[in-house]
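Shown below: work_35.txt, with compact mmCIF, N, CA and C atoms and all ligand atoms.
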# COMPACT_ATOMS: atom_id res chain seq x y z
N VAL A 481 -30.93 -51.76 -21.84
CA VAL A 481 -31.59 -52.19 -20.59
C VAL A 481 -31.41 -53.70 -20.49
N SER A 482 -30.92 -54.13 -19.38
CA SER A 482 -30.68 -55.59 -19.29
C SER A 482 -32.04 -56.30 -19.29
N GLY A 483 -32.07 -57.43 -19.93
CA GLY A 483 -33.31 -58.23 -19.91
C GLY A 483 -34.31 -57.76 -20.96
N ALA A 484 -33.93 -56.68 -21.73
CA ALA A 484 -34.90 -56.23 -22.76
C ALA A 484 -35.13 -57.39 -23.73
N LYS A 485 -36.38 -57.59 -24.13
CA LYS A 485 -36.68 -58.73 -25.00
C LYS A 485 -36.15 -58.46 -26.40
N LYS A 486 -35.31 -59.39 -26.92
CA LYS A 486 -34.76 -59.21 -28.27
C LYS A 486 -35.81 -59.67 -29.28
N ALA A 487 -35.87 -58.96 -30.42
CA ALA A 487 -36.81 -59.38 -31.47
C ALA A 487 -36.46 -60.81 -31.88
N LYS A 488 -37.45 -61.66 -32.05
CA LYS A 488 -37.21 -63.07 -32.36
C LYS A 488 -37.02 -63.21 -33.87
N THR A 489 -35.84 -63.69 -34.28
CA THR A 489 -35.70 -63.97 -35.71
C THR A 489 -35.17 -65.40 -35.83
N ASP A 490 -35.43 -66.02 -36.95
CA ASP A 490 -35.05 -67.43 -37.04
C ASP A 490 -33.52 -67.59 -37.13
N LYS A 491 -32.79 -66.45 -37.30
CA LYS A 491 -31.31 -66.54 -37.27
C LYS A 491 -30.88 -66.85 -35.83
N ASP A 492 -31.67 -66.30 -34.88
CA ASP A 492 -31.27 -66.46 -33.47
C ASP A 492 -31.60 -67.88 -33.00
N ASP A 493 -32.87 -68.28 -33.20
CA ASP A 493 -33.23 -69.61 -32.69
C ASP A 493 -32.82 -70.64 -33.73
N ASN A 494 -32.34 -71.80 -33.19
CA ASN A 494 -31.92 -72.76 -34.21
C ASN A 494 -33.16 -73.28 -34.94
N ASN A 495 -33.25 -72.92 -36.23
CA ASN A 495 -34.22 -73.54 -37.10
C ASN A 495 -35.68 -73.30 -36.70
N THR A 496 -36.01 -72.05 -36.38
CA THR A 496 -37.41 -71.72 -36.05
C THR A 496 -38.30 -72.19 -37.19
N ASN A 497 -39.44 -72.83 -36.86
CA ASN A 497 -40.41 -73.28 -37.87
C ASN A 497 -39.79 -74.21 -38.90
N GLY A 498 -38.56 -74.69 -38.66
CA GLY A 498 -37.99 -75.66 -39.58
C GLY A 498 -37.60 -75.09 -40.93
N LEU A 499 -37.47 -73.77 -41.06
CA LEU A 499 -37.19 -73.19 -42.38
C LEU A 499 -35.77 -73.52 -42.84
N ALA A 500 -34.84 -73.65 -41.93
CA ALA A 500 -33.47 -74.06 -42.32
C ALA A 500 -33.52 -75.50 -42.85
N THR A 501 -34.37 -76.31 -42.23
CA THR A 501 -34.52 -77.69 -42.69
C THR A 501 -35.14 -77.72 -44.09
N CYS A 502 -36.10 -76.83 -44.33
CA CYS A 502 -36.71 -76.73 -45.67
C CYS A 502 -35.65 -76.38 -46.71
N ARG A 503 -34.79 -75.41 -46.37
CA ARG A 503 -33.76 -74.99 -47.33
C ARG A 503 -32.81 -76.14 -47.62
N MET A 504 -32.49 -76.88 -46.57
CA MET A 504 -31.54 -78.00 -46.75
C MET A 504 -32.17 -79.08 -47.62
N LEU A 505 -33.41 -79.44 -47.30
CA LEU A 505 -34.11 -80.49 -48.05
C LEU A 505 -34.30 -80.10 -49.51
N LEU A 506 -34.70 -78.85 -49.75
CA LEU A 506 -34.94 -78.41 -51.14
C LEU A 506 -33.65 -78.45 -51.95
N ALA A 507 -32.54 -78.05 -51.32
CA ALA A 507 -31.25 -78.09 -52.03
C ALA A 507 -30.91 -79.53 -52.43
N GLU A 508 -31.21 -80.47 -51.54
CA GLU A 508 -30.92 -81.88 -51.85
C GLU A 508 -31.84 -82.41 -52.95
N LEU A 509 -33.10 -82.00 -52.93
CA LEU A 509 -34.03 -82.42 -53.99
C LEU A 509 -33.57 -81.88 -55.34
N GLU A 510 -33.21 -80.60 -55.37
CA GLU A 510 -32.80 -79.96 -56.63
C GLU A 510 -31.54 -80.59 -57.21
N ALA A 511 -30.67 -81.11 -56.32
CA ALA A 511 -29.37 -81.64 -56.75
C ALA A 511 -29.45 -83.12 -57.11
N HIS A 512 -30.58 -83.75 -56.82
CA HIS A 512 -30.72 -85.21 -57.02
C HIS A 512 -30.71 -85.54 -58.52
N GLN A 513 -30.08 -86.66 -58.88
CA GLN A 513 -29.95 -86.99 -60.32
C GLN A 513 -31.31 -87.28 -60.97
N ASP A 514 -32.30 -87.66 -60.16
CA ASP A 514 -33.62 -87.96 -60.72
C ASP A 514 -34.58 -86.77 -60.63
N ALA A 515 -34.04 -85.58 -60.35
CA ALA A 515 -34.90 -84.39 -60.18
C ALA A 515 -35.35 -83.79 -61.51
N TRP A 516 -34.72 -84.20 -62.62
CA TRP A 516 -34.91 -83.47 -63.89
C TRP A 516 -36.37 -83.25 -64.30
N PRO A 517 -37.30 -84.21 -64.05
CA PRO A 517 -38.68 -83.91 -64.48
C PRO A 517 -39.35 -82.82 -63.66
N PHE A 518 -38.78 -82.52 -62.48
CA PHE A 518 -39.49 -81.71 -61.48
C PHE A 518 -38.86 -80.33 -61.25
N LEU A 519 -37.82 -80.00 -62.03
CA LEU A 519 -37.08 -78.77 -61.76
C LEU A 519 -37.85 -77.52 -62.15
N THR A 520 -38.70 -77.64 -63.16
CA THR A 520 -39.46 -76.46 -63.64
C THR A 520 -40.92 -76.88 -63.85
N PRO A 521 -41.85 -75.91 -63.91
CA PRO A 521 -43.26 -76.27 -64.09
C PRO A 521 -43.48 -77.05 -65.38
N VAL A 522 -44.40 -78.03 -65.34
CA VAL A 522 -44.76 -78.74 -66.55
C VAL A 522 -45.34 -77.72 -67.54
N ASN A 523 -44.88 -77.73 -68.77
CA ASN A 523 -45.39 -76.79 -69.79
C ASN A 523 -46.74 -77.31 -70.27
N HIS A 524 -47.83 -76.85 -69.62
CA HIS A 524 -49.15 -77.45 -69.90
C HIS A 524 -49.61 -77.15 -71.33
N LYS A 525 -49.00 -76.14 -71.97
CA LYS A 525 -49.37 -75.87 -73.39
C LYS A 525 -48.81 -76.97 -74.29
N ALA A 526 -47.71 -77.59 -73.85
CA ALA A 526 -47.03 -78.59 -74.68
C ALA A 526 -47.41 -80.01 -74.27
N VAL A 527 -48.13 -80.15 -73.15
CA VAL A 527 -48.45 -81.49 -72.64
C VAL A 527 -49.96 -81.66 -72.62
N PRO A 528 -50.52 -82.30 -73.66
CA PRO A 528 -51.98 -82.43 -73.75
C PRO A 528 -52.56 -83.08 -72.50
N GLY A 529 -53.62 -82.49 -71.99
CA GLY A 529 -54.34 -83.08 -70.85
C GLY A 529 -53.83 -82.65 -69.50
N TYR A 530 -52.60 -82.11 -69.45
CA TYR A 530 -52.02 -81.87 -68.12
C TYR A 530 -52.86 -80.88 -67.30
N ARG A 531 -53.25 -79.78 -67.96
CA ARG A 531 -53.96 -78.73 -67.21
C ARG A 531 -55.31 -79.24 -66.71
N LYS A 532 -55.93 -80.15 -67.49
CA LYS A 532 -57.25 -80.69 -67.12
C LYS A 532 -57.12 -81.67 -65.96
N VAL A 533 -56.12 -82.52 -66.04
CA VAL A 533 -55.97 -83.62 -65.06
C VAL A 533 -55.37 -83.12 -63.75
N ILE A 534 -54.34 -82.25 -63.83
CA ILE A 534 -53.60 -81.85 -62.63
C ILE A 534 -54.09 -80.48 -62.17
N LYS A 535 -54.88 -80.53 -61.06
CA LYS A 535 -55.54 -79.29 -60.59
C LYS A 535 -54.56 -78.35 -59.90
N LYS A 536 -53.55 -78.93 -59.23
CA LYS A 536 -52.61 -78.07 -58.49
C LYS A 536 -51.16 -78.41 -58.90
N PRO A 537 -50.73 -77.85 -60.02
CA PRO A 537 -49.35 -78.11 -60.47
C PRO A 537 -48.34 -77.62 -59.42
N MET A 538 -47.24 -78.30 -59.31
CA MET A 538 -46.18 -77.88 -58.39
C MET A 538 -44.85 -78.45 -58.89
N ASP A 539 -43.79 -77.73 -58.66
CA ASP A 539 -42.45 -78.16 -59.08
C ASP A 539 -41.42 -77.52 -58.16
N PHE A 540 -40.16 -77.95 -58.26
CA PHE A 540 -39.13 -77.50 -57.31
C PHE A 540 -38.81 -76.01 -57.47
N SER A 541 -38.90 -75.47 -58.68
CA SER A 541 -38.58 -74.04 -58.83
C SER A 541 -39.66 -73.17 -58.19
N THR A 542 -40.90 -73.63 -58.24
CA THR A 542 -42.00 -72.90 -57.60
C THR A 542 -41.86 -72.98 -56.08
N ILE A 543 -41.46 -74.15 -55.59
CA ILE A 543 -41.22 -74.30 -54.15
C ILE A 543 -40.06 -73.38 -53.72
N ARG A 544 -39.04 -73.30 -54.53
CA ARG A 544 -37.89 -72.42 -54.24
C ARG A 544 -38.37 -70.97 -54.16
N GLU A 545 -39.19 -70.56 -55.09
CA GLU A 545 -39.75 -69.20 -55.13
C GLU A 545 -40.56 -68.93 -53.86
N LYS A 546 -41.41 -69.88 -53.49
CA LYS A 546 -42.26 -69.71 -52.29
C LYS A 546 -41.41 -69.63 -51.03
N LEU A 547 -40.36 -70.45 -50.97
CA LEU A 547 -39.48 -70.44 -49.80
C LEU A 547 -38.76 -69.09 -49.71
N THR A 548 -38.29 -68.60 -50.86
CA THR A 548 -37.60 -67.30 -50.91
C THR A 548 -38.54 -66.17 -50.51
N ASN A 549 -39.81 -66.28 -50.89
CA ASN A 549 -40.81 -65.25 -50.57
C ASN A 549 -41.49 -65.48 -49.23
N ASN A 550 -40.87 -66.40 -48.42
CA ASN A 550 -41.41 -66.62 -47.07
C ASN A 550 -42.87 -67.06 -47.06
N GLN A 551 -43.26 -67.87 -48.04
CA GLN A 551 -44.66 -68.30 -48.12
C GLN A 551 -44.94 -69.61 -47.38
N TYR A 552 -43.88 -70.22 -46.80
CA TYR A 552 -44.11 -71.43 -46.01
C TYR A 552 -44.08 -71.08 -44.54
N LEU A 553 -45.18 -71.43 -43.86
CA LEU A 553 -45.27 -71.11 -42.43
C LEU A 553 -44.31 -71.96 -41.63
N ASN A 554 -44.18 -73.22 -42.08
CA ASN A 554 -43.38 -74.17 -41.29
C ASN A 554 -43.01 -75.35 -42.18
N LEU A 555 -42.37 -76.34 -41.58
CA LEU A 555 -41.94 -77.51 -42.36
C LEU A 555 -43.14 -78.24 -42.94
N GLU A 556 -44.23 -78.28 -42.20
CA GLU A 556 -45.41 -79.04 -42.65
C GLU A 556 -45.96 -78.49 -43.97
N THR A 557 -46.08 -77.17 -44.07
CA THR A 557 -46.66 -76.59 -45.29
C THR A 557 -45.70 -76.80 -46.46
N PHE A 558 -44.41 -76.85 -46.17
CA PHE A 558 -43.40 -77.13 -47.20
C PHE A 558 -43.55 -78.58 -47.69
N ILE A 559 -43.70 -79.51 -46.74
CA ILE A 559 -43.82 -80.93 -47.09
C ILE A 559 -45.08 -81.19 -47.94
N VAL A 560 -46.16 -80.44 -47.65
CA VAL A 560 -47.39 -80.56 -48.44
C VAL A 560 -47.09 -80.28 -49.92
N ASP A 561 -46.34 -79.21 -50.20
CA ASP A 561 -46.04 -78.86 -51.60
C ASP A 561 -45.09 -79.87 -52.24
N VAL A 562 -44.10 -80.36 -51.50
CA VAL A 562 -43.19 -81.36 -52.08
C VAL A 562 -43.97 -82.63 -52.43
N ASN A 563 -44.85 -83.05 -51.52
CA ASN A 563 -45.65 -84.25 -51.80
C ASN A 563 -46.59 -84.05 -52.98
N LEU A 564 -47.03 -82.80 -53.19
CA LEU A 564 -47.90 -82.49 -54.34
C LEU A 564 -47.16 -82.77 -55.66
N VAL A 565 -45.86 -82.48 -55.69
CA VAL A 565 -45.05 -82.76 -56.88
C VAL A 565 -45.13 -84.25 -57.22
N PHE A 566 -44.99 -85.09 -56.16
CA PHE A 566 -44.96 -86.54 -56.40
C PHE A 566 -46.35 -87.10 -56.67
N GLU A 567 -47.38 -86.54 -56.01
CA GLU A 567 -48.76 -87.00 -56.28
C GLU A 567 -49.15 -86.68 -57.72
N ASN A 568 -48.83 -85.46 -58.19
CA ASN A 568 -49.13 -85.09 -59.57
C ASN A 568 -48.43 -86.04 -60.55
N CYS A 569 -47.18 -86.35 -60.23
CA CYS A 569 -46.39 -87.23 -61.12
C CYS A 569 -47.04 -88.61 -61.19
N GLU A 570 -47.45 -89.14 -60.05
CA GLU A 570 -48.07 -90.48 -60.06
C GLU A 570 -49.39 -90.46 -60.78
N ARG A 571 -50.13 -89.34 -60.67
CA ARG A 571 -51.43 -89.27 -61.33
C ARG A 571 -51.27 -89.24 -62.85
N PHE A 572 -50.24 -88.56 -63.32
CA PHE A 572 -50.15 -88.30 -64.76
C PHE A 572 -49.26 -89.29 -65.50
N ASN A 573 -48.42 -90.01 -64.76
CA ASN A 573 -47.44 -90.88 -65.40
C ASN A 573 -47.56 -92.32 -64.93
N GLU A 574 -47.39 -93.26 -65.88
CA GLU A 574 -47.36 -94.69 -65.54
C GLU A 574 -46.20 -94.93 -64.57
N ASP A 575 -46.45 -95.85 -63.61
CA ASP A 575 -45.34 -96.23 -62.71
C ASP A 575 -44.15 -96.72 -63.55
N ASP A 576 -44.49 -97.49 -64.62
CA ASP A 576 -43.43 -98.05 -65.45
C ASP A 576 -43.13 -97.12 -66.62
N SER A 577 -42.65 -95.93 -66.28
CA SER A 577 -42.21 -94.95 -67.29
C SER A 577 -41.01 -94.21 -66.71
N GLU A 578 -40.24 -93.55 -67.58
CA GLU A 578 -39.05 -92.83 -67.09
C GLU A 578 -39.42 -91.82 -66.00
N ILE A 579 -40.45 -91.00 -66.32
CA ILE A 579 -40.82 -89.95 -65.37
C ILE A 579 -41.48 -90.56 -64.13
N GLY A 580 -42.32 -91.59 -64.35
CA GLY A 580 -42.96 -92.25 -63.21
C GLY A 580 -41.93 -92.84 -62.26
N ARG A 581 -40.93 -93.50 -62.81
CA ARG A 581 -39.90 -94.10 -61.95
C ARG A 581 -39.09 -93.02 -61.23
N ALA A 582 -38.78 -91.94 -61.94
CA ALA A 582 -38.04 -90.84 -61.31
C ALA A 582 -38.84 -90.29 -60.12
N GLY A 583 -40.16 -90.17 -60.30
CA GLY A 583 -41.01 -89.69 -59.22
C GLY A 583 -40.98 -90.59 -58.01
N HIS A 584 -41.05 -91.90 -58.23
CA HIS A 584 -41.00 -92.85 -57.10
C HIS A 584 -39.65 -92.77 -56.40
N ARG A 585 -38.56 -92.65 -57.19
CA ARG A 585 -37.24 -92.58 -56.56
C ARG A 585 -37.08 -91.29 -55.76
N MET A 586 -37.61 -90.18 -56.29
CA MET A 586 -37.52 -88.90 -55.58
C MET A 586 -38.37 -88.91 -54.31
N ARG A 587 -39.54 -89.52 -54.39
CA ARG A 587 -40.42 -89.57 -53.22
C ARG A 587 -39.76 -90.38 -52.09
N SER A 588 -39.16 -91.52 -52.43
CA SER A 588 -38.58 -92.32 -51.34
C SER A 588 -37.33 -91.64 -50.79
N PHE A 589 -36.59 -90.94 -51.67
CA PHE A 589 -35.43 -90.16 -51.18
C PHE A 589 -35.90 -89.09 -50.19
N PHE A 590 -36.95 -88.36 -50.56
CA PHE A 590 -37.45 -87.27 -49.71
C PHE A 590 -37.97 -87.80 -48.38
N ASP A 591 -38.76 -88.88 -48.45
CA ASP A 591 -39.32 -89.46 -47.21
C ASP A 591 -38.20 -89.86 -46.26
N LYS A 592 -37.15 -90.49 -46.81
CA LYS A 592 -36.01 -90.93 -45.98
C LYS A 592 -35.33 -89.72 -45.36
N ARG A 593 -35.07 -88.67 -46.15
CA ARG A 593 -34.29 -87.53 -45.66
C ARG A 593 -35.03 -86.73 -44.60
N TRP A 594 -36.31 -86.46 -44.83
CA TRP A 594 -36.96 -85.59 -43.81
C TRP A 594 -37.20 -86.37 -42.51
N THR A 595 -37.44 -87.66 -42.61
CA THR A 595 -37.59 -88.40 -41.35
C THR A 595 -36.25 -88.48 -40.63
N GLU A 596 -35.14 -88.61 -41.37
CA GLU A 596 -33.80 -88.59 -40.74
C GLU A 596 -33.56 -87.25 -40.04
N LEU A 597 -33.88 -86.16 -40.74
CA LEU A 597 -33.62 -84.81 -40.19
C LEU A 597 -34.51 -84.50 -39.00
N LEU A 598 -35.70 -85.14 -38.98
CA LEU A 598 -36.64 -84.81 -37.90
C LEU A 598 -36.40 -85.65 -36.65
N LYS A 599 -35.54 -86.69 -36.81
CA LYS A 599 -35.31 -87.59 -35.66
C LYS A 599 -34.52 -86.88 -34.57
C1 LIG B 601 -43.28 -83.71 -63.97
C2 LIG B 601 -43.94 -84.25 -65.19
N1 LIG B 601 -45.01 -85.05 -65.18
N2 LIG B 601 -45.34 -85.31 -66.47
C3 LIG B 601 -44.48 -84.67 -67.26
C4 LIG B 601 -44.52 -84.73 -68.67
C5 LIG B 601 -44.06 -83.80 -69.55
N3 LIG B 601 -44.29 -84.21 -70.82
N4 LIG B 601 -44.89 -85.40 -70.75
C6 LIG B 601 -45.30 -86.17 -71.94
C7 LIG B 601 -45.05 -85.75 -69.45
N5 LIG B 601 -45.64 -86.90 -69.03
N6 LIG B 601 -43.61 -83.98 -66.45
C8 LIG B 601 -42.59 -83.04 -66.83
C9 LIG B 601 -41.37 -83.68 -67.38
C10 LIG B 601 -40.48 -82.53 -67.76
N7 LIG B 601 -39.48 -82.97 -68.65
C11 LIG B 601 -39.65 -83.82 -69.65
C12 LIG B 601 -38.43 -83.89 -70.25
N8 LIG B 601 -37.59 -83.11 -69.60
C13 LIG B 601 -38.25 -82.54 -68.60
Translate this structure into structure tokens?
Ligand SMILES: Cc1nnc(-c2cnn(C)c2N)n1CCCn1ccnc1
Amino acid sequence: VSGAKKAKTDKDDNNTNGLATCRMLLAELEAHQDAWPFLTPVNHKAVPGYRKVIKKPMDFSTIREKLTNNQYLNLETFIVDVNLVFENCERFNEDDSEIGRAGHRMRSFFDKRWTELLK
């Protein structure tokens, strides 16, 4: 029937809810040379104090899992989790430390990229 409403899928509309942008941004984060501290969950059994201090652990593999399981409503909810990775890092690590510096470099890379993509 002409004019029948087609089911809306994000394949049809360019980048519905920004999920294609999320996939692009996450791939860039995972590939970044300073991503190494953030690729997998912090092993809280091996890191004294981590579980007590960091109430909401987050890392890039968990974000990847959530994206794959369609757990992000839109770009905003994705950005909340990415920023959580960097907030946790700043809370637990000295600015003047290997991991602390990696976190600052990753945060400024992410801020630059998503603002570029959203322009
Ligand atoms: C992320 C992150 N924030 N703090 C840590 C960490 C892990 N151990 N210690 C003493 C920390 N301060 N991490 C995870 C870093 C994961 N890592 C460490 C070496 N290779 C990966």
If DSSP is run on the backbone, what residues of range 493-531 of chain A are alpha helix (DSSP H)? A reply as a ChimeraX atom specification would be ideal. /A:499-511,530-531
inquiry  = Taking only N, CA and C atoms and all ligand atoms into account, list the residues no farther than 8 Å from ligand LIG 601 (chain B), as a PyMOL selection string.
reply    = chain A and resi 515-524+526-528+530+538-539+565+568-574+579-580+583
Point-to-point distance in Å for CA of Ile559 in chain A and atom C of Cys502 in chain A
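If I compute the distance from atom C of Cys502 in chain A to CA of Ile559 in chain A, I get 9.4 Å.
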- One decimal, Å: what's the distance from CA of Val562 in chain A over to atom C of Thr496 in chain A, could you say?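 These two atoms are separated by 18.2 Å.
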Length of the atom C of Asn497 in chain A to atom C of Leu553 in chain A vector [Å]
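Between these atoms lies a distance of 5.7 Å.
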Counting all atoms listed in the file, figure out which residue out of A:Ser541, A:Asn563, A:Asn495, A:Ser482 gets nearest to Glu510 in chain A.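 Looking only at the distances to Glu510 in chain A, the closest residue turns out to be A:Ser541.
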* Asked: Need the neighbours of (-34.2, -80.1, -50.1): which residues are at most 10 Å away, counting only C-alpha atoms, as a list in words?
  -> Ala500, Thr501, Cys502, Arg503, Met504, Leu505, Leu506, Ala507, Glu508, Leu509, Glu510, Ala511, His512, Phe540, Ile543, Arg544, Val562, Phe590, Arg593 and Trp594 of chain A
